[in-house]
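Listing of coords.cif, mmCIF, C-alpha atoms and all ligand atoms
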```cif
data_entry
#
loop_
_atom_site.label_atom_id
_atom_site.label_comp_id
_atom_site.auth_asym_id
_atom_site.auth_seq_id
_atom_site.Cartn_x
_atom_site.Cartn_y
_atom_site.Cartn_z
CA MET A 1 0.00 0.00 0.00
CA GLU A 2 1.07 3.58 -0.68
CA ARG A 3 2.60 5.37 2.30
CA ILE A 4 3.09 8.99 3.28
CA ARG A 5 6.77 9.84 3.76
CA TYR A 6 7.25 12.15 6.74
CA GLY A 7 10.11 14.43 7.69
CA ILE A 8 10.47 15.85 11.20
CA ILE A 9 11.98 19.33 11.53
CA GLY A 10 13.30 19.91 15.06
CA MET A 11 14.71 16.81 16.78
CA GLY A 12 14.48 18.10 20.33
CA ASN A 13 12.38 16.46 23.00
CA GLN A 14 9.14 16.45 21.04
CA GLY A 15 10.60 15.63 17.62
CA ARG A 16 12.48 12.67 19.12
CA HIS A 17 9.28 11.55 20.85
CA TYR A 18 7.46 11.38 17.50
CA ALA A 19 10.40 9.67 15.81
CA ALA A 20 11.09 7.01 18.45
CA SER A 21 7.81 6.46 20.30
CA LEU A 22 5.47 6.72 17.31
CA PHE A 23 7.21 6.10 13.94
CA GLU A 24 9.96 3.69 15.10
CA ALA A 25 7.47 1.96 17.41
CA GLY A 26 5.15 1.30 14.46
CA LEU A 27 2.21 3.40 15.70
CA CYS A 28 1.92 5.54 12.56
CA ASP A 29 -0.29 3.75 10.04
CA ASP A 30 0.60 3.95 6.35
CA ALA A 31 3.50 6.29 7.15
CA ALA A 32 7.29 6.17 7.14
CA LEU A 33 9.82 8.54 8.69
CA THR A 34 12.18 9.25 5.80
CA ALA A 35 13.95 12.45 6.89
CA ILE A 36 14.88 14.33 10.05
CA CYS A 37 16.33 17.80 10.50
CA ASP A 38 17.92 19.78 13.31
CA VAL A 39 20.26 22.75 13.25
CA ASP A 40 22.18 21.08 16.09
CA GLU A 41 24.34 18.36 14.52
CA LYS A 42 24.91 16.52 17.80
CA LYS A 43 21.19 16.23 18.47
CA LEU A 44 20.58 15.19 14.90
CA ALA A 45 23.19 12.43 15.05
CA ALA A 46 21.90 11.13 18.39
CA ALA A 47 18.31 11.14 17.17
CA GLY A 48 19.22 9.42 13.91
CA ALA A 49 21.22 6.70 15.67
CA ALA A 50 18.17 5.83 17.76
CA LEU A 51 16.09 5.03 14.65
CA PRO A 52 17.62 1.89 13.11
CA LYS A 53 14.37 0.68 11.51
CA GLN A 54 13.34 3.96 9.88
CA ALA A 55 16.94 5.09 9.10
CA PRO A 56 15.84 8.55 7.96
CA ALA A 57 18.08 10.86 5.92
CA ARG A 58 19.56 13.68 8.04
CA PHE A 59 19.53 17.42 7.34
CA THR A 60 20.73 20.48 9.23
CA ASP A 61 18.74 22.89 7.04
CA HIS A 62 14.94 22.55 6.80
CA LYS A 63 14.96 23.96 3.25
CA ALA A 64 17.29 21.15 2.13
CA LEU A 65 14.91 18.59 3.64
CA ILE A 66 11.92 20.22 1.93
CA GLU A 67 13.70 20.31 -1.44
CA SER A 68 15.16 16.80 -1.12
CA GLY A 69 12.09 15.08 -2.54
CA LEU A 70 12.33 12.57 0.33
CA ALA A 71 9.27 13.77 2.27
CA ASP A 72 5.64 14.27 1.28
CA ALA A 73 4.81 15.84 4.64
CA VAL A 74 6.67 17.43 7.55
CA ILE A 75 6.09 17.76 11.27
CA VAL A 76 7.37 21.16 12.42
CA ALA A 77 8.63 20.71 16.00
CA VAL A 78 11.05 23.62 16.45
CA PRO A 79 10.65 26.42 19.04
CA HIS A 80 7.50 28.53 18.57
CA TYR A 81 8.84 31.48 16.57
CA GLY A 82 9.87 29.07 13.79
CA HIS A 83 6.46 27.42 13.35
CA PRO A 84 4.92 29.81 10.79
CA ALA A 85 8.15 30.51 8.87
CA ILE A 86 9.13 26.84 8.39
CA SER A 87 5.53 25.78 7.72
CA ILE A 88 5.25 28.49 5.05
CA ASP A 89 8.45 27.24 3.36
CA ALA A 90 7.02 23.72 3.28
CA LEU A 91 3.54 24.77 2.11
CA ASN A 92 5.02 26.96 -0.64
CA ALA A 93 6.88 23.87 -1.88
CA GLY A 94 3.64 21.83 -1.89
CA ILE A 95 4.70 19.77 1.16
CA HIS A 96 1.92 18.88 3.61
CA VAL A 97 2.36 20.22 7.17
CA ILE A 98 1.63 19.14 10.72
CA CYS A 99 2.53 22.20 12.77
CA GLU A 100 3.25 21.89 16.48
CA LYS A 101 1.28 23.99 18.91
CA PRO A 102 1.14 26.94 19.26
CA ALA A 103 0.53 27.91 15.62
CA GLY A 104 2.90 30.82 16.25
CA VAL A 105 3.89 33.47 18.72
CA TYR A 106 1.73 36.24 17.26
CA ALA A 107 -1.40 36.21 15.12
CA LYS A 108 0.05 38.24 12.23
CA ALA A 109 2.56 35.48 11.38
CA VAL A 110 -0.09 32.79 11.81
CA ARG A 111 -2.42 34.61 9.42
CA GLU A 112 0.41 34.60 6.84
CA MET A 113 0.82 30.84 7.39
CA ASN A 114 -2.92 30.33 6.87
CA GLU A 115 -2.75 32.34 3.65
CA ALA A 116 0.17 30.17 2.46
CA ALA A 117 -1.88 27.04 3.21
CA GLU A 118 -4.81 28.37 1.20
CA ARG A 119 -2.58 29.33 -1.73
CA SER A 120 -0.71 26.03 -1.81
CA GLY A 121 -3.61 23.62 -1.41
CA ALA A 122 -1.27 21.25 0.48
CA GLY A 123 -2.65 19.47 3.56
CA PHE A 124 -2.33 21.48 6.76
CA THR A 125 -3.13 20.47 10.32
CA MET A 126 -2.16 21.47 13.84
CA MET A 127 -0.89 19.08 16.52
CA PHE A 128 -3.95 19.68 18.72
CA ASN A 129 -3.66 16.20 20.22
CA GLN A 130 -5.85 17.07 23.19
CA ARG A 131 -8.82 17.51 20.87
CA THR A 132 -8.67 13.73 20.36
CA ASN A 133 -9.62 13.16 24.02
CA CYS A 134 -13.13 11.63 24.09
CA LEU A 135 -14.08 13.74 27.12
CA TYR A 136 -13.46 17.04 25.33
CA ARG A 137 -15.07 15.78 22.14
CA ARG A 138 -18.18 14.76 24.12
CA MET A 139 -18.29 18.10 25.98
CA ARG A 140 -18.23 19.90 22.66
CA GLU A 141 -21.06 17.73 21.29
CA ILE A 142 -23.29 18.25 24.34
CA ILE A 143 -22.82 22.03 24.19
CA ARG A 144 -23.31 22.13 20.42
CA ASP A 145 -26.54 20.11 20.78
CA GLY A 146 -27.96 22.64 23.27
CA GLY A 147 -27.38 20.39 26.30
CA ILE A 148 -26.46 23.26 28.65
CA GLY A 149 -28.78 25.87 27.13
CA GLU A 150 -27.63 29.46 26.94
CA LEU A 151 -23.98 29.95 27.97
CA GLN A 152 -23.55 31.55 31.42
CA ARG A 153 -20.03 30.81 32.66
CA VAL A 154 -16.76 29.19 31.55
CA THR A 155 -14.15 28.37 34.19
CA TRP A 156 -10.87 26.60 33.57
CA ILE A 157 -8.44 26.24 36.43
CA ILE A 158 -5.35 24.57 34.94
CA THR A 159 -2.72 24.95 37.61
CA ASP A 160 -1.14 21.49 37.44
CA TRP A 161 1.52 22.51 34.91
CA TYR A 162 4.22 22.53 37.62
CA ARG A 163 7.70 23.12 36.19
CA ASN A 164 10.95 23.41 38.15
CA GLN A 165 13.91 25.70 37.53
CA PHE A 166 15.94 22.87 35.93
CA TYR A 167 13.24 22.58 33.26
CA TYR A 168 13.56 26.26 32.39
CA ASP A 169 17.36 26.07 32.40
CA SER A 170 17.43 23.11 29.98
CA SER A 171 16.91 25.09 26.72
CA SER A 172 18.17 28.59 25.95
CA TRP A 173 14.87 29.71 24.35
CA ARG A 174 12.54 28.71 27.17
CA ALA A 175 10.57 31.41 29.04
CA THR A 176 12.27 34.28 27.20
CA TRP A 177 10.37 36.87 25.14
CA ALA A 178 12.90 36.68 22.30
CA GLY A 179 13.27 32.88 22.25
CA GLU A 180 9.82 31.63 23.17
CA GLY A 181 7.52 34.65 22.97
CA GLY A 182 5.84 34.06 26.32
CA GLY A 183 5.62 31.72 29.29
CA VAL A 184 2.92 29.39 30.55
CA LEU A 185 0.36 30.78 28.09
CA ILE A 186 2.44 29.98 25.02
CA ASN A 187 4.21 26.83 26.15
CA GLN A 188 1.93 24.82 28.42
CA CYS A 189 -1.53 26.28 27.64
CA PRO A 190 -1.96 26.29 23.84
CA HIS A 191 -4.04 23.12 24.12
CA GLN A 192 -6.37 24.65 26.71
CA LEU A 193 -6.60 27.97 24.81
CA ASP A 194 -7.57 25.96 21.73
CA LEU A 195 -10.06 23.75 23.58
CA LEU A 196 -11.57 26.71 25.40
CA GLN A 197 -13.05 27.99 22.15
CA TRP A 198 -13.37 24.63 20.33
CA VAL A 199 -15.39 22.99 23.12
CA VAL A 200 -17.53 26.05 23.97
CA GLY A 201 -18.06 26.80 20.27
CA GLU A 202 -17.05 30.47 20.38
CA GLN A 203 -14.23 32.83 21.33
CA PRO A 204 -14.62 35.21 24.24
CA ALA A 205 -15.50 38.66 22.90
CA SER A 206 -12.99 40.34 25.21
CA VAL A 207 -10.47 39.50 27.94
CA ARG A 208 -8.64 41.09 30.82
CA GLY A 209 -5.36 39.44 31.80
CA PHE A 210 -3.45 39.64 35.07
CA CYS A 211 -0.02 38.01 34.87
CA GLY A 212 2.90 37.43 37.22
CA TYR A 213 6.25 37.53 35.37
CA GLY A 214 8.91 35.31 36.91
CA ARG A 215 6.65 35.06 39.96
CA TRP A 216 7.81 31.53 40.89
CA HIS A 217 10.95 31.02 38.77
CA ARG A 218 14.00 32.92 37.53
CA ILE A 219 12.43 33.64 34.12
CA GLU A 220 11.38 36.72 32.10
CA THR A 221 7.92 35.62 31.09
CA GLU A 222 4.62 34.88 32.85
CA ASP A 223 4.38 31.83 35.11
CA GLU A 224 1.11 32.94 36.74
CA VAL A 225 -2.09 34.08 34.95
CA THR A 226 -5.66 34.95 35.84
CA ALA A 227 -7.76 36.06 32.87
CA TYR A 228 -11.35 37.29 32.95
CA LEU A 229 -13.35 36.38 29.87
CA THR A 230 -16.51 38.04 28.53
CA TYR A 231 -18.66 36.42 25.83
CA LYS A 232 -20.85 38.13 23.27
CA ASN A 233 -24.09 37.21 25.11
CA GLY A 234 -22.66 38.66 28.35
CA ALA A 235 -21.59 35.27 29.78
CA THR A 236 -18.37 35.51 31.77
CA GLY A 237 -15.45 33.24 32.52
CA VAL A 238 -12.12 32.82 34.25
CA PHE A 239 -8.95 31.12 32.99
CA VAL A 240 -6.36 30.50 35.69
CA THR A 241 -2.97 28.90 35.10
CA THR A 242 0.52 28.66 36.55
CA THR A 243 3.67 26.55 36.42
CA GLY A 244 4.46 27.38 40.02
CA GLU A 245 1.89 25.40 41.95
CA SER A 246 1.92 21.75 43.00
CA PRO A 247 -0.11 19.56 43.02
CA GLY A 248 -2.42 22.02 41.22
CA THR A 249 -5.84 21.51 39.68
CA ASN A 250 -7.24 20.82 36.22
CA ARG A 251 -10.96 21.61 36.24
CA PHE A 252 -12.88 22.76 33.16
CA GLU A 253 -16.45 23.79 33.88
CA VAL A 254 -19.04 25.20 31.47
CA SER A 255 -22.44 26.28 32.81
CA GLY A 256 -25.61 27.38 31.09
CA THR A 257 -29.30 27.84 31.75
CA ARG A 258 -29.95 24.14 31.05
CA GLY A 259 -27.10 22.61 33.02
CA ARG A 260 -23.41 22.24 33.75
CA LEU A 261 -20.48 20.19 32.49
CA VAL A 262 -17.41 19.59 34.65
CA CYS A 263 -14.32 17.83 33.35
CA GLU A 264 -11.91 16.94 36.14
CA ASN A 265 -9.70 13.99 37.11
CA GLY A 266 -10.43 12.17 33.86
CA VAL A 267 -14.21 12.24 34.47
CA LEU A 268 -16.88 14.27 32.68
CA GLN A 269 -19.87 15.09 34.87
CA TYR A 270 -23.11 16.35 33.30
CA ASP A 271 -25.83 17.88 35.49
CA LYS A 272 -28.93 18.71 33.48
CA ASN A 273 -31.68 21.05 34.68
CA ARG A 274 -35.22 19.76 34.18
CA GLU A 275 -36.21 23.28 33.13
CA ASP A 276 -34.32 26.27 31.81
CA SER A 277 -33.16 28.16 34.94
CA LEU A 278 -34.12 31.59 33.55
CA ALA A 279 -37.62 30.46 32.51
CA PHE A 280 -38.00 28.76 35.91
CA SER A 281 -36.98 31.95 37.70
CA ALA A 282 -39.51 34.06 35.78
CA ALA A 283 -42.34 31.65 36.60
CA ALA A 284 -41.45 30.84 40.24
CA THR A 285 -44.07 31.57 42.94
CA THR A 286 -42.15 30.63 46.12
CA MET A 287 -38.99 32.25 47.48
CA PHE A 288 -36.36 29.49 47.34
CA ALA A 289 -37.66 27.21 44.60
CA ARG A 290 -35.03 26.13 42.07
CA PRO A 291 -35.09 23.92 39.00
CA GLY A 292 -34.75 20.18 39.51
CA CYS A 293 -31.53 18.69 38.22
CA ASP A 294 -30.43 15.20 37.15
CA ARG A 295 -26.94 13.77 36.83
CA ILE A 296 -26.85 12.31 33.33
CA PRO A 297 -24.44 9.42 32.70
CA VAL A 298 -22.02 10.54 30.00
CA GLU A 299 -21.14 7.99 27.36
CA THR A 300 -18.08 8.45 25.17
CA ASP A 301 -16.37 6.30 22.57
CA GLY A 302 -13.50 5.91 25.09
CA LYS A 303 -10.89 6.89 22.51
CA ASN A 304 -8.00 9.24 23.24
CA PRO A 305 -5.30 8.59 20.65
CA GLN A 306 -3.44 11.88 21.20
CA HIS A 307 -0.40 12.54 18.93
CA ALA A 308 -0.67 9.25 17.02
CA GLY A 309 -4.34 10.07 16.41
CA ILE A 310 -3.46 13.40 14.77
CA ILE A 311 -0.70 11.87 12.61
CA ASN A 312 -2.84 8.89 11.58
CA ASN A 313 -5.83 11.13 10.75
CA PHE A 314 -3.59 13.37 8.64
CA THR A 315 -2.14 10.39 6.78
CA ALA A 316 -5.64 9.01 6.12
CA TYR A 317 -6.75 12.46 4.93
CA LEU A 318 -3.82 12.65 2.51
CA LEU A 319 -4.11 9.08 1.24
CA LYS A 320 -7.84 8.41 1.35
CA ARG A 321 -9.44 11.86 1.71
CA GLU A 322 -10.86 10.88 5.10
CA PRO A 323 -12.21 13.98 6.91
CA LEU A 324 -9.46 16.12 8.41
CA PHE A 325 -9.93 16.23 12.18
CA VAL A 326 -8.10 19.56 12.75
CA ASP A 327 -8.10 22.21 10.02
CA GLY A 328 -4.68 23.83 10.50
CA ARG A 329 -6.11 27.30 9.95
CA GLU A 330 -7.96 27.00 13.28
CA GLY A 331 -4.63 27.35 15.09
CA ILE A 332 -4.96 31.10 14.88
CA ARG A 333 -7.82 31.18 17.38
CA GLY A 334 -5.76 30.03 20.36
CA VAL A 335 -2.99 32.43 19.35
CA GLU A 336 -5.48 35.30 19.21
CA LEU A 337 -6.71 34.43 22.69
CA MET A 338 -3.17 34.09 24.02
CA ASN A 339 -2.11 37.42 22.45
CA ALA A 340 -5.13 39.21 23.91
CA ILE A 341 -4.45 37.90 27.45
CA GLU A 342 -0.73 38.68 27.17
CA LEU A 343 -1.37 42.17 25.81
CA SER A 344 -3.86 42.91 28.57
CA GLY A 345 -1.34 41.63 31.15
CA TRP A 346 1.31 44.01 29.82
CA LEU A 347 -1.26 46.84 29.94
CA LYS A 348 -2.14 46.16 33.61
CA GLY A 349 -5.45 44.45 32.89
CA GLU A 350 -6.84 46.71 30.16
CA GLU A 351 -9.88 45.11 28.50
CA ILE A 352 -8.87 43.81 25.05
CA ALA A 353 -11.50 42.98 22.42
CA LEU A 354 -10.74 39.90 20.30
CA PRO A 355 -9.01 39.68 17.98
CA ALA A 356 -6.43 42.09 19.42
CA ASP A 357 -4.90 44.61 17.04
CA GLU A 358 -2.07 42.58 15.42
CA ASP A 359 0.30 45.54 14.98
CA ARG A 360 -0.24 46.75 18.53
CA TYR A 361 0.56 43.28 19.86
CA LEU A 362 3.69 43.00 17.75
CA ALA A 363 4.89 46.46 18.83
CA GLU A 364 4.52 45.48 22.52
CA LEU A 365 6.24 42.12 21.92
CA ASP A 366 9.11 43.86 20.11
CA ARG A 367 9.47 46.24 23.07
CA HIS A 368 9.84 43.23 25.40
CA ASN A 369 12.28 41.59 22.99
CA LEU A 370 14.64 44.58 23.20
CA THR A 371 15.70 43.64 26.73
CA SER A 372 15.14 39.88 26.42
CA ARG A 373 18.12 37.54 26.94
CA LEU A 374 18.30 33.87 25.90
CA ARG A 375 19.04 31.57 28.82
CA GLU A 376 22.42 30.05 29.52
CA THR A 377 21.73 26.34 29.34
CA LYS A 378 23.14 24.51 32.34
CA CYS A 379 22.45 21.07 30.96
CA GLU A 380 21.64 19.13 27.81
CA ALA A 381 18.51 17.54 29.20
CA VAL A 382 16.80 14.74 27.31
CA ALA A 383 13.29 14.28 28.60
CA ASP A 384 10.69 11.53 28.45
CA MET A 385 7.94 13.64 26.90
CA SER A 386 5.15 11.19 27.65
CA ALA A 387 5.21 12.34 31.29
CA THR A 388 4.57 15.98 30.31
CA PHE A 389 1.42 15.96 28.26
CA GLY A 390 -0.84 17.17 31.07
CA SER A 391 -3.49 15.68 33.30
CA ALA A 392 -6.26 15.83 30.72
CA LYS A 393 -5.21 12.46 29.33
CA LYS A 394 -7.73 9.83 30.22
N1 LIG A 401 1.87 18.72 21.27
C1 LIG A 401 2.49 18.48 22.40
O1 LIG A 401 1.99 17.71 23.23
C2 LIG A 401 3.83 19.11 22.68
C3 LIG A 401 4.56 18.76 23.83
C4 LIG A 401 5.82 19.36 24.04
C5 LIG A 401 6.32 20.30 23.14
N2 LIG A 401 5.57 20.64 22.04
C6 LIG A 401 6.04 21.66 21.08
O2 LIG A 401 7.15 21.14 20.36
C7 LIG A 401 8.03 22.21 20.01
C8 LIG A 401 9.45 21.83 20.40
O3 LIG A 401 9.50 21.65 21.81
P1 LIG A 401 10.68 20.78 22.47
O4 LIG A 401 10.31 20.61 23.89
O5 LIG A 401 10.96 19.59 21.63
O6 LIG A 401 11.92 21.81 22.37
P2 LIG A 401 13.48 21.46 22.30
O7 LIG A 401 14.23 22.70 22.63
O8 LIG A 401 13.76 20.22 23.07
O9 LIG A 401 13.69 21.11 20.74
C9 LIG A 401 13.64 22.04 19.70
C10 LIG A 401 14.62 21.57 18.64
O10 LIG A 401 14.47 22.38 17.47
C11 LIG A 401 15.78 22.58 16.93
N3 LIG A 401 15.70 23.73 16.03
C12 LIG A 401 15.63 25.04 16.36
N4 LIG A 401 15.52 25.79 15.24
C13 LIG A 401 15.53 24.92 14.19
C14 LIG A 401 15.45 25.08 12.78
N5 LIG A 401 15.31 26.28 12.22
N6 LIG A 401 15.51 23.98 12.01
C15 LIG A 401 15.65 22.75 12.57
N7 LIG A 401 15.75 22.54 13.90
C16 LIG A 401 15.66 23.61 14.70
C17 LIG A 401 16.65 22.77 18.15
O11 LIG A 401 18.03 22.56 17.88
C18 LIG A 401 16.08 21.71 19.09
O12 LIG A 401 16.73 20.46 18.96
C19 LIG A 401 7.53 23.46 20.76
O13 LIG A 401 6.84 24.27 19.85
C20 LIG A 401 6.57 22.91 21.78
O14 LIG A 401 5.49 23.78 22.07
C21 LIG A 401 4.36 20.06 21.80
#
```
Please rewrite the model in this file as structure tokens.
Amino acid sequence: MERIRYGIIGMGNQGRHYAASLFEAGLCDDAALTAICDVDEKKLAAAGAALPKQAPARFTDHKALIESGLADAVIVAVPHYGHPAISIDALNAGIHVICEKPAGVYAKAVREMNEAAERSGAGFTMMFNQRTNCLYRRMREIIRDGGIGELQRVTWIITDWYRNQFYYDSSSWRATWAGEGGGVLINQCPHQLDLLQWVVGEQPASVRGFCGYGRWHRIETEDEVTAYLTYKNGATGVFVTTTGESPGTNRFEVSGTRGRLVCENGVLQYDKNREDSLAFSAAATTMFARPGCDRIPVETDGKNPQHAGIINNFTAYLLKREPLFVDGREGIRGVELMNAIELSGWLKGEEIALPADEDRYLAELDRHNLTSRLRETKCEAVADMSATFGSAKK
């Protein structure tokens, strides 16, 4: 059978994870890893030596990989600033792209990547592996089918992203404005900032962000965030995150006039009102009456294939035109949300309507970059990435 030939650009922790734990381990259907690329020759050699079955060709320049004719598709797994630029080079050459999260550091570059995808017609997806989690997929379906009625409140407390100082000191780009473009919002939270709008079905209309910069670590960027969200119907929300708290919490709650969904500890709880709470309130004739409520058992398909699910879906889309699970152009939404919270944080909590003005965001980011310094790496850490993918895994 025909196979899709993949190249991986960026053989750091995540690139090596895809190469060794997915391709070399035989978890990528109808796919072969034919090329790998890293600007760091030592990392490239070490990664290549660990892949005796796939034996991919090695490149130190992503353009050489793209032009080699050895790959039909690439996975872009370099630090964030490089995502749009490298993806655009691949798309312009007609090479299909799986872009790592986040889609980019700022929305202007991501919009240019989306335009390149539209022009090229090549396949384009984002590594939004957490969307494959059956709990989030079911939450989205229930909300889309009217199961919670009119939206009233969205609350996500995701404070179990604990990271220690050694983690930050392990790569020069981490938690610097110039190297990474942000902190916990851009590194740990892109999945939640994507799910927040994908599950609820809409973006907040505006946000106010309150951030602590280097609050818990010796870093430049935010490691503590509380954001207030306002939706177009007046519903409100809170998004709270940090890398400085342990054990932390991961609780995603969406409430409406018809009920409430809570996703926590690998369980999705659905409490459904017997009547719409606003209609009940208008018709009530005694002081403390409230709508009856039932806990509805939530059934899911039990599937949560994560990164392999995204790669296998993309391969099936390319080979058999199966529906694409994640349209790559949707990556801009999480970046818009992240930019708006970050901008508000810099502006001491000013309310920012979405999408934030792209040029204003870039000007503020550039101002932070002027004094930004890449980190001195104290170690060449090689991590087992499977332990880092967050508590949302079922
Ligand atoms: N989807 C997920 O679950 C998940 C999990 C972790 C990390 N990530 C993402 O993966 C990306 C990489 O993270 P990481 O932890 O592997 O970082 P890392 O620092 O370990 O690896 C990045 C690698 O990219 C290489 N590189 C830099 N510029 C390059 C270029 N122009 N061409 C080729 N190689 C280049 C570096 O030498 C390094 O080896 C980040 O964007 C991160 O957000 C995704």
Please build the interface table for chain A against ligand LIG 401 (chain A) with a cut-off of 8 Å, listing for each qualifying residue the nearest atom pair and the distance in Å to one decimal; count all atoms listed in the file, order rows by chain and increasing number, and write it as a Markdown table.
```
| residue | atom | partner | partner_atom | distance |
| --- | --- | --- | --- | --- |
| A:Ile9 | CA | A:LIG401 | C15 | 5.1 |
| A:Gly10 | CA | A:LIG401 | O10 | 3.6 |
| A:Met11 | CA | A:LIG401 | O12 | 4.7 |
| A:Gly12 | CA | A:LIG401 | O9 | 3.1 |
| A:Asn13 | CA | A:LIG401 | O5 | 3.7 |
| A:Gln14 | CA | A:LIG401 | O5 | 3.7 |
| A:Gly15 | CA | A:LIG401 | O5 | 5.6 |
| A:Arg16 | CA | A:LIG401 | O5 | 7.5 |
| A:Cys37 | CA | A:LIG401 | C15 | 5.4 |
| A:Asp38 | CA | A:LIG401 | N7 | 3.6 |
| A:Val39 | CA | A:LIG401 | N7 | 4.6 |
| A:Asp40 | CA | A:LIG401 | O11 | 4.8 |
| A:Lys43 | CA | A:LIG401 | O12 | 6.2 |
| A:Leu44 | CA | A:LIG401 | O12 | 7.7 |
| A:Thr60 | CA | A:LIG401 | C15 | 6.5 |
| A:Asp61 | CA | A:LIG401 | N6 | 6.0 |
| A:His62 | CA | A:LIG401 | N6 | 5.4 |
| A:Val76 | CA | A:LIG401 | C7 | 7.7 |
| A:Ala77 | CA | A:LIG401 | C7 | 4.3 |
| A:Val78 | CA | A:LIG401 | O10 | 3.8 |
| A:Pro79 | CA | A:LIG401 | O13 | 4.4 |
| A:His80 | CA | A:LIG401 | O13 | 4.5 |
| A:Gly82 | CA | A:LIG401 | N5 | 6.3 |
| A:His83 | CA | A:LIG401 | O13 | 7.2 |
| A:Ile86 | CA | A:LIG401 | N5 | 7.3 |
| A:Glu100 | CA | A:LIG401 | C6 | 5.4 |
| A:Lys101 | CA | A:LIG401 | O14 | 5.3 |
| A:Pro102 | CA | A:LIG401 | O14 | 6.1 |
| A:Met127 | CA | A:LIG401 | N1 | 5.5 |
| A:Phe128 | CA | A:LIG401 | N1 | 6.4 |
| A:Asn129 | CA | A:LIG401 | N1 | 6.2 |
| A:Gln130 | CA | A:LIG401 | O1 | 7.9 |
| A:Ser171 | CA | A:LIG401 | O7 | 5.4 |
| A:Ser172 | CA | A:LIG401 | O7 | 7.8 |
| A:Trp173 | CA | A:LIG401 | O7 | 7.2 |
| A:Arg174 | CA | A:LIG401 | O7 | 7.7 |
| A:Ile186 | CA | A:LIG401 | O14 | 7.5 |
| A:Asn187 | CA | A:LIG401 | O14 | 5.3 |
| A:Gln188 | CA | A:LIG401 | O14 | 7.4 |
| A:His191 | CA | A:LIG401 | N1 | 7.9 |
| A:His307 | CA | A:LIG401 | N1 | 7.0 |
| A:Val382 | CA | A:LIG401 | O8 | 7.6 |
| A:Met385 | CA | A:LIG401 | C4 | 6.7 |
| A:Thr388 | CA | A:LIG401 | C3 | 7.1 |
| A:Phe389 | CA | A:LIG401 | O1 | 5.4 |
```
Proximity check segment 103-194 of chain A to segment 317-328 of chain A, 8 Å, nearest pairs one decimal Å, only C-alpha atoms, as CSV:
```
residue,atom,partner,partner_atom,distance
A:Asn114,CA,A:Gly328,CA,7.7
A:Gly123,CA,A:Leu318,CA,7.0
A:Phe124,CA,A:Gly328,CA,5.0
A:Thr125,CA,A:Gly328,CA,3.7
A:Met126,CA,A:Gly328,CA,4.8
A:Phe128,CA,A:Val326,CA,7.3
```
*Return the single residue from A:Asp30, A:Glu220, A:Glu112, A:Asp72 that is closest to Ala178 of chain A, with distances computed using only C-alpha atoms.*
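Of A:Asp30, A:Glu220, A:Glu112, A:Asp72, the one nearest Ala178 of chain A, counting only C-alpha atoms, is A:Glu220.
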*For Glu202 of chain A, which of A:Leu261, A:Ala103, A:Val154, A:Cys189 is the closest residue, counting only C-alpha atoms?*
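Closest to Glu202 of chain A, using only C-alpha atoms: A:Val154.
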*Select, from A:Asp160, A:Gly181, A:Gln197, A:Leu362, the residue with the minimum atom-to-atom distance to Asn265 of chain A, counting all atoms listed in the file.*
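Checking each of A:Asp160, A:Gly181, A:Gln197, A:Leu362 against Asn265 of chain A, counting all atoms listed in the file, the winner is A:Asp160.
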*How many Å lie between atom CA of Glu141 of chain A and atom CA of Asp271 of chain A, rounded to one decimal?*
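Atom CA of Glu141 of chain A sits 15.0 Å away from atom CA of Asp271 of chain A.
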*In terms of the shortest atom-to-atom distance over all atoms listed in the file, which of A:Ala55, A:Ala35, A:Ile4, A:Met113 is closest to Arg329 of chain A?*
A:Met113
*Any idea what the distance is between atom CA of Val298 of chain A and atom CA of Met139 of chain A?*
9.3 Å
*asked:* as a PyMOL selection string, please: the residues near Ile66 of chain A (cut-off 8 Å, only C-alpha atoms, same-chain neighbours under 5 positions excluded).
replied: chain A and resi 71+89-90+93+95
_Using all atoms listed in the file and a cutoff of 12 Å, can you tell me which residues are near (-24.1, 38.2, 29.0) in the file's coordinates, and write them out as a list in words?_
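Residues satisfying the cut-off, written out: Glu150, Leu151, Gln152, Arg153, Val154, Pro204, Ala205, Ser206, Leu229, Thr230, Tyr231, Lys232, Asn233, Gly234, Ala235, Thr236, Gly237, Gly256 and Thr257 of chain A.
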Just C-alpha atoms for this one: save the residues we selected as a tab-separated table (two decimals), in the coordinates of the input.
```
chain	number	residue	atom	x	y	z
A	150	GLU	CA	-27.63	29.46	26.94
A	151	LEU	CA	-23.98	29.95	27.97
A	152	GLN	CA	-23.55	31.55	31.42
A	153	ARG	CA	-20.03	30.81	32.66
A	154	VAL	CA	-16.76	29.19	31.55
A	204	PRO	CA	-14.62	35.21	24.24
A	205	ALA	CA	-15.50	38.66	22.90
A	206	SER	CA	-12.99	40.34	25.21
A	229	LEU	CA	-13.35	36.38	29.87
A	230	THR	CA	-16.51	38.04	28.53
A	231	TYR	CA	-18.66	36.42	25.83
A	232	LYS	CA	-20.85	38.13	23.27
A	233	ASN	CA	-24.09	37.21	25.11
A	234	GLY	CA	-22.66	38.66	28.35
A	235	ALA	CA	-21.59	35.27	29.78
A	236	THR	CA	-18.37	35.51	31.77
A	237	GLY	CA	-15.45	33.24	32.52
A	256	GLY	CA	-25.61	27.38	31.09
A	257	THR	CA	-29.30	27.84	31.75
```
_When you look at segment 213-218 of chain A with a cut-off of 12 Å (counting all atoms listed in the file), what residues show up, excluding the ones that are within fewer than 5 positions of it in the same chain? I need them as a ChimeraX atom specification._
/A:162-169,174-177,182-185,223-225,242-246,342,345-346,375-376
Padding of 6 Å on every side, edges along x, y and z, all listed atoms of segment 200-217 of chain A included: what centre and edge lengths in Å, to one decimal, does that box have, as JSON?
```
{"center_x": -3.6, "center_y": 33.6, "center_z": 30.6, "size_x": 41.0, "size_y": 27.0, "size_z": 32.6}
```
